[in-house]
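The file my_file26.txt contains compact mmCIF, C-alpha atoms:
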```txt
# COMPACT_ATOMS: atom_id res chain seq x y z
CA MET D 1 76.44 151.82 88.13
CA ARG D 2 73.53 153.19 86.09
CA ARG D 3 70.85 150.77 84.87
CA SER D 4 69.82 151.21 81.26
CA LEU D 5 66.39 149.61 81.67
CA GLN D 6 63.63 150.37 84.10
CA PRO D 7 62.96 147.55 86.57
CA GLY D 8 60.64 144.95 85.07
CA VAL D 9 61.03 146.16 81.48
CA THR D 10 62.83 143.75 79.20
CA ALA D 11 64.92 144.95 76.29
CA ALA D 12 62.51 143.36 73.78
CA LEU D 13 59.51 145.05 75.36
CA ARG D 14 61.30 148.39 75.41
CA VAL D 15 62.14 148.08 71.69
CA THR D 16 58.52 147.15 70.98
CA MET D 17 57.34 150.19 72.92
CA ILE D 18 59.75 152.49 71.06
CA LEU D 19 58.83 151.10 67.64
CA GLY D 20 55.14 151.25 68.56
CA ALA D 21 55.51 154.91 69.41
CA ALA D 22 57.37 155.46 66.14
CA VAL D 23 54.47 153.89 64.24
CA ALA D 24 51.97 156.09 66.03
CA LEU D 25 54.06 159.14 65.12
CA GLY D 26 54.81 157.93 61.59
CA THR D 27 58.58 157.94 62.22
CA ALA D 28 59.43 154.23 62.21
CA PRO D 29 62.76 153.42 60.54
CA ALA D 30 62.44 152.09 56.98
CA GLY D 31 62.68 148.31 56.73
CA THR D 32 61.57 147.62 60.29
CA ALA D 33 58.48 145.62 61.14
CA ALA D 34 57.09 148.80 62.68
CA ALA D 35 57.46 150.65 59.41
CA GLN D 36 55.39 147.91 57.78
CA SER D 37 52.50 148.15 60.22
CA PRO D 38 49.24 149.68 59.05
CA PRO D 39 48.67 153.38 58.62
CA GLY D 40 46.02 155.14 60.66
CA ASP D 41 43.03 153.96 58.62
CA ALA D 42 41.32 151.02 60.25
CA PRO D 43 40.10 147.94 58.38
CA ALA D 44 36.67 146.46 59.10
CA GLY D 45 36.40 145.14 62.64
CA VAL D 46 39.49 147.00 63.89
CA THR D 47 38.83 149.83 66.29
CA ASN D 48 42.49 150.43 67.07
CA PRO D 49 45.10 149.29 64.49
CA GLN D 50 47.93 150.23 66.85
CA ARG D 51 46.58 147.94 69.57
CA ALA D 52 46.09 145.12 67.06
CA TRP D 53 49.66 145.56 65.84
CA GLN D 54 50.98 145.55 69.43
CA ASN D 55 48.99 142.39 70.20
CA TRP D 56 50.46 140.80 67.06
CA THR D 57 53.96 141.85 68.11
CA LEU D 58 53.65 140.54 71.64
CA ASN D 59 51.63 137.37 71.00
CA CYS D 60 52.07 136.17 67.41
CA GLN D 61 55.11 137.43 65.57
CA GLY D 62 57.55 135.36 67.62
CA CYS D 63 56.44 132.31 65.64
CA HIS D 64 54.70 133.79 62.58
CA ARG D 65 57.50 136.39 62.11
CA PRO D 66 56.99 140.14 61.68
CA ASP D 67 56.07 139.75 58.01
CA GLY D 68 53.68 136.83 58.58
CA THR D 69 55.82 134.34 56.63
CA GLY D 70 55.90 131.84 59.50
CA SER D 71 58.61 129.56 60.78
CA ALA D 72 59.28 126.20 59.17
CA GLY D 73 57.97 123.37 61.29
CA THR D 74 56.37 125.53 63.97
CA ALA D 75 54.06 128.20 62.60
CA PRO D 76 52.56 128.33 59.11
CA SER D 77 52.77 131.36 56.87
CA LEU D 78 49.87 133.79 56.93
CA ALA D 79 51.25 136.10 54.24
CA GLY D 80 49.28 135.77 51.03
CA THR D 81 47.13 132.90 52.34
CA VAL D 82 45.24 133.70 55.55
CA SER D 83 42.26 135.37 53.88
CA LYS D 84 41.81 132.39 51.56
CA PHE D 85 40.33 130.47 54.49
CA LEU D 86 37.40 132.90 54.45
CA THR D 87 36.47 131.75 50.93
CA VAL D 88 35.76 128.08 51.73
CA SER D 89 33.28 126.29 53.95
CA GLY D 90 34.80 125.60 57.35
CA GLY D 91 37.70 127.99 56.86
CA ARG D 92 36.40 130.73 59.12
CA GLU D 93 35.75 128.22 61.88
CA TYR D 94 39.20 126.73 61.39
CA LEU D 95 40.84 130.12 61.96
CA GLY D 96 39.01 130.58 65.25
CA ARG D 97 40.02 127.13 66.45
CA VAL D 98 43.72 126.93 65.53
CA PRO D 99 45.89 126.38 68.61
CA GLY D 100 47.44 129.86 68.63
CA VAL D 101 44.02 131.49 68.56
CA ALA D 102 42.11 129.10 70.77
CA THR D 103 44.74 129.14 73.52
CA SER D 104 45.71 132.80 73.27
CA PRO D 105 45.82 134.71 76.56
CA LEU D 106 44.13 137.68 74.85
CA PRO D 107 40.50 138.44 75.64
CA SER D 108 38.17 137.44 72.80
CA ALA D 109 37.47 141.09 71.86
CA ASP D 110 41.18 141.85 71.40
CA LEU D 111 41.68 138.58 69.58
CA ALA D 112 38.82 139.30 67.16
CA GLU D 113 40.32 142.72 66.44
CA LEU D 114 43.76 141.18 65.93
CA MET D 115 42.38 138.59 63.52
CA ASN D 116 40.52 141.23 61.51
CA TRP D 117 43.71 143.32 61.36
CA MET D 118 45.72 140.26 60.34
CA PHE D 119 43.61 139.67 57.20
CA TRP D 120 44.11 143.26 56.15
CA ARG D 121 47.81 143.32 57.01
CA PHE D 122 48.95 139.99 55.56
CA ASP D 123 46.46 139.05 52.83
CA LYS D 124 44.13 141.87 51.83
CA GLU D 125 44.33 140.78 48.18
CA HIS D 126 42.33 137.62 49.00
CA LEU D 127 39.95 139.24 51.48
CA PRO D 128 36.42 138.58 50.19
CA ALA D 129 34.42 141.68 49.23
CA ASP D 130 31.62 140.46 51.52
CA PHE D 131 33.94 139.91 54.51
CA VAL D 132 32.16 140.07 57.83
CA PRO D 133 34.59 140.88 60.66
CA PHE D 134 35.04 138.45 63.51
CA THR D 135 33.33 139.47 66.75
CA ALA D 136 34.31 138.78 70.33
CA GLN D 137 31.31 136.48 70.69
CA GLU D 138 32.24 134.44 67.63
CA ILE D 139 35.88 134.07 68.69
CA GLY D 140 34.77 133.18 72.21
CA ARG D 141 32.54 130.42 70.85
CA LEU D 142 35.10 129.03 68.39
CA ARG D 143 38.02 128.95 70.78
CA THR D 144 36.16 126.62 73.14
CA GLN D 145 36.83 123.81 70.64
CA PRO D 146 40.57 124.09 69.92
CA LEU D 147 42.18 122.08 67.17
CA ARG D 148 45.24 120.07 68.07
CA LEU D 149 46.99 117.49 65.91
CA GLU D 150 44.38 117.76 63.16
CA ALA D 151 45.10 121.47 62.55
CA SER D 152 47.90 120.91 60.03
CA GLN D 153 45.95 118.47 57.85
CA MET D 154 42.83 120.64 58.04
CA ARG D 155 44.90 123.65 56.93
CA SER D 156 46.20 121.75 53.90
CA ASP D 157 42.73 120.53 52.94
CA LEU D 158 41.15 123.97 53.25
CA LEU D 159 43.88 125.70 51.27
CA LYS D 160 43.57 123.06 48.55
CA LYS D 161 39.81 123.74 48.36
CA ALA D 162 40.47 127.49 48.23
CA GLU D 163 42.95 127.08 45.38
CA GLU D 164 40.58 124.79 43.45
CA SER D 165 37.67 127.21 43.83
CA ALA D 166 39.84 130.14 42.67
CA SER D 167 40.99 128.32 39.52
CA PRO D 168 39.11 129.13 36.29
```
Starting from the coordinates I provided, produce the structure as structure tokens.
Amino acid sequence: MRRSLQPGVTAALRVTMILGAAVALGTAPAGTAAAQSPPGDAPAGVTNPQRAWQNWTLNCQGCHRPDGTGSAGTAPSLAGTVSKFLTVSGGREYLGRVPGVATSPLPSADLAELMNWMFWRFDKEHLPADFVPFTAQEIGRLRTQPLRLEASQMRSDLLKKAEESASP
């Protein structure tokens, strides 16, 4: 009997690898998450958009979904909102302390790159013109003080402040 997968390679990982290669070659099927990943130009603070996208795929999209819309009750939406945190006092710090960031297995440098990519990918319309990309040192410092139960209420409060400050 012939095995269809190499030992140690799961079907999901193999699909991710194939779609990742398709993105790199510009041949991803229309409508797939891979087709929606960023083109070759890199946003501020992102050395390798492909690596950031792969880190998103393997570490974040299971809960936040490929399009960043989140999962009810488990992971909040990032689409159209994540950059708003950068416009209010305490928002940047909040993003570096949320449980998924603070407890991520990724090294701080990869996590900073992923976060910078995430703003560009899911909410570039709210990205402040004076945006300063996250650095590995900043993420490393912030993630030492993870938020827990207070994260949800803090998110609501910060988004409310962002909406109020954006209103004429």
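The residue that comes closest to Val46 in chain D, out of D:Cys60, D:Ala72, D:Ala79, D:Met118 and on the basis of all atoms listed in the file, is D:Met118.
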Practice task
Between D:Gln145, D:Gln153, D:Asn48, D:Ser108, single out the one closest to Pro76 in chain D, counting all atoms listed in the file.
Solution key: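 Of the candidates, the smallest distance to Pro76 in chain D is held by D:Gln153.
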Practice task
In Å, rounded to a single decimal, give me how far CA of Gly68 in chain D is from CA of Pro128 in chain D.
Solution key: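 Rounded to one decimal, the two atoms are 19.3 Å apart.
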Handout entry: Atom pair CA of Val82 in chain D / CA of Phe119 in chain D: separation (Å)
Key =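 That distance, rounded to one decimal, is 6.4 Å.
Going from CA of Glu150 in chain D over to CA of Arg65 in chain D, you cover 22.8 Å.
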Exercise for the section: Would you mind telling me which residue in D:Thr81, D:Ser165, D:Pro49, D:Leu95 lies nearest to Leu147 in chain D when using all atoms listed in the file? Expected result: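 Among the listed residues, the smallest separation from Leu147 in chain D belongs to D:Leu95.
Between Leu111 in chain D and the candidates D:Arg143, D:Lys84, D:Arg92, D:His126, the tightest atom-to-atom separation, counting all atoms listed in the file, involves D:Arg143.
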Practice task
Select, from D:Arg121, D:Arg97, D:Arg155, D:Arg51, the residue with the minimum atom-to-atom distance to Ala109 in chain D, counting all atoms listed in the file.
Solution key: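 Smallest distance to Ala109 in chain D is found for D:Arg51.
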Give me the box for range 80-86 of chain D as JSON, namely the centre and edge lengths in Å to one decimal of a box along x, y and z that holds every listed atom plus 6 Å on each side.
```
{"center_x": 43.3, "center_y": 133.1, "center_z": 53.3, "size_x": 23.9, "size_y": 17.3, "size_z": 16.5}
```
